[in-house]
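> Take a look at start.txt, compact mmCIF, C-alpha atoms:
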# COMPACT_ATOMS: atom_id res chain seq x y z
CA MET A 1 13.69 71.50 82.84
CA PRO A 2 11.63 71.71 79.63
CA LEU A 3 13.19 70.78 76.33
CA THR A 4 13.82 73.65 73.94
CA LYS A 5 14.23 73.70 70.20
CA GLY A 6 17.69 74.20 68.82
CA PHE A 7 18.60 77.53 67.26
CA LYS A 8 18.81 76.03 63.76
CA ASP A 9 15.33 74.49 64.06
CA THR A 10 13.86 77.72 65.43
CA VAL A 11 15.33 79.82 62.61
CA LYS A 12 14.13 77.32 59.98
CA ALA A 13 10.60 77.25 61.40
CA ARG A 14 10.44 81.05 61.44
CA ALA A 15 11.87 81.32 57.90
CA ASP A 16 9.31 78.79 56.66
CA ARG A 17 6.37 80.76 57.98
CA ASP A 18 7.61 84.37 57.74
CA PRO A 19 8.93 85.61 54.36
CA GLU A 20 9.86 88.99 55.86
CA PHE A 21 12.07 87.29 58.44
CA ARG A 22 13.68 85.14 55.74
CA VAL A 23 14.46 88.13 53.50
CA GLY A 24 15.59 90.15 56.52
CA LEU A 25 18.09 87.45 57.46
CA PHE A 26 19.43 87.44 53.91
CA ARG A 27 19.58 91.26 53.82
CA GLU A 28 21.49 91.37 57.14
CA ALA A 29 24.04 88.92 55.74
CA ILE A 30 24.57 91.06 52.62
CA GLU A 31 24.82 94.25 54.69
CA ALA A 32 27.43 92.65 56.94
CA LEU A 33 29.49 91.59 53.93
CA LEU A 34 29.28 95.07 52.41
CA SER A 35 30.25 96.62 55.75
CA ASP A 36 33.51 94.65 55.82
CA ASP A 37 32.25 92.22 58.45
CA LEU A 38 33.01 88.98 56.64
CA GLU A 39 32.69 86.81 59.74
CA THR A 40 29.15 87.95 60.56
CA GLY A 41 28.14 87.89 56.91
CA LYS A 42 29.30 84.29 56.50
CA LEU A 43 27.54 83.15 59.66
CA LEU A 44 24.28 84.85 58.67
CA LEU A 45 24.48 83.40 55.15
CA ARG A 46 25.05 79.95 56.66
CA ASP A 47 21.97 80.40 58.85
CA TYR A 48 19.99 81.59 55.83
CA VAL A 49 21.05 78.62 53.67
CA ASN A 50 20.29 76.16 56.47
CA ALA A 51 16.87 77.74 57.02
CA THR A 52 15.91 77.83 53.34
CA VAL A 53 17.36 75.82 50.47
CA GLY A 54 19.92 73.76 52.40
CA PHE A 55 23.51 73.11 51.38
CA GLU A 56 22.79 69.93 49.43
CA ALA A 57 20.30 71.57 47.05
CA LEU A 58 22.34 74.77 46.73
CA ALA A 59 25.48 72.76 45.92
CA THR A 60 23.60 70.90 43.19
CA GLU A 61 22.39 74.19 41.70
CA LEU A 62 25.91 75.66 41.78
CA ASP A 63 27.62 72.43 40.67
CA LYS A 64 29.74 72.45 43.84
CA ASP A 65 30.42 70.05 46.67
CA PRO A 66 28.08 70.74 49.65
CA LYS A 67 30.98 70.39 52.09
CA SER A 68 32.91 73.01 50.15
CA LEU A 69 30.02 75.47 50.50
CA MET A 70 29.73 74.70 54.21
CA ARG A 71 33.47 75.29 54.67
CA MET A 72 33.23 78.60 52.79
CA LEU A 73 30.71 79.88 55.32
CA SER A 74 32.36 78.41 58.41
CA ALA A 75 34.10 80.61 60.98
CA LYS A 76 37.50 79.65 59.52
CA GLY A 77 36.32 79.62 55.90
CA ASN A 78 38.02 81.88 53.40
CA PRO A 79 35.71 82.01 50.38
CA ARG A 80 36.92 83.27 47.03
CA ALA A 81 34.95 86.26 45.80
CA ASP A 82 33.72 84.45 42.68
CA ASN A 83 32.31 81.56 44.73
CA LEU A 84 30.72 83.83 47.33
CA LEU A 85 29.17 86.11 44.71
CA ALA A 86 27.86 83.13 42.71
CA MET A 87 26.22 81.84 45.88
CA VAL A 88 24.67 85.22 46.67
CA ALA A 89 23.43 85.61 43.08
CA ARG A 90 21.74 82.18 43.18
CA LEU A 91 20.18 82.87 46.58
CA LYS A 92 18.86 86.23 45.33
CA GLN A 93 17.33 84.48 42.33
CA ARG A 94 15.72 81.79 44.50
CA GLU A 95 14.34 84.39 46.92
CA GLY A 96 13.21 86.71 44.12
CA VAL A 97 14.91 89.78 45.59
CA SER A 98 17.45 92.36 44.52
CA PHE A 99 19.55 94.69 46.60
CA THR A 100 20.75 98.22 45.98
CA VAL A 101 23.61 100.11 47.55
CA ALA A 102 23.04 103.71 48.62
CA LEU A 103 25.33 106.29 50.15
CA SER A 104 24.32 107.71 53.48
CA SER A 105 24.11 111.49 53.76
CA ALA A 106 27.23 111.50 55.99
CA GLU A 107 29.25 109.73 53.29
CA MET A 108 28.05 112.18 50.67
CA ARG A 109 29.48 115.18 52.60
CA VAL A 110 33.09 114.00 52.32
So that I can check it, write out the structure of this file as structure tokens.

Amino acid sequence: MPLTKGFKDTVKARADRDPEFRVGLFREAIEALLSDDLETGKLLLRDYVNATVGFEALATELDKDPKSLMRMLSAKGNPRADNLLAMVARLKQREGVSFTVALSSAEMRV
């Protein structure tokens, strides 16, 4: 049986070579969080951080413990809003993106 790359390595390699993929992964994480799917949002953010800046560098930038950031985004993690939003703000800055929230036409008819 041939050896295969691990998921983490595959995502990192793709993020390194494909900026659209990298931003898409980040966008999906934000959309999950805004759609009240905290579990998926945390997991996607964890994948994004692992594939881009890494927890060590991000922790240094946020003046936090790397293990604390990893716990925040773990399946059992329960991040405080201020910590999660600070992380998202820093990642947006690093990536050079901004996000907007728009109502869908179905929501506007209420």
> What is the distance between atom CA of A:Gly54 and atom CA of A:Leu85, in Å to one decimal?
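So the answer is 17.2 Å.
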> Tell me which protein, DNA and RNA residues are within 10 Å of A:Gly24, counting all atoms listed in the file, leaving out same-chain ones fewer than 5 positions away, and put them as a ChimeraX atom specification.
/A:15,18-19,29-30,48
> Tell me which of A:Ser104, A:Asn83, A:Ser98, A:Ser35 sits closest to A:Val23, counting only C-alpha atoms.
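Using only C-alpha atoms, the shortest distance to A:Val23 belongs to A:Ser98.
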> Starting from the point (14.2, 76.1, 52.9), work out which residues of protein, DNA or RNA have an atom no more than 12 Å away when counting only C-alpha atoms; state them as a list in words.
Lys8, Asp9, Val11, Lys12, Ala13, Arg14, Ala15, Asp16, Arg17, Asp18, Pro19, Arg22, Asp47, Tyr48, Val49, Asn50, Ala51, Thr52, Val53, Gly54, Phe55, Glu56, Ala57, Leu58, Leu91, Arg94 and Glu95 of chain A
> In terms of the shortest atom-to-atom distance over all atoms listed in the file, which of A:Leu45, A:Leu34, A:Leu25, A:Leu84 is closest to A:Val101?
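Once distances to A:Val101 are computed over all atoms listed in the file, the minimum belongs to A:Leu34.
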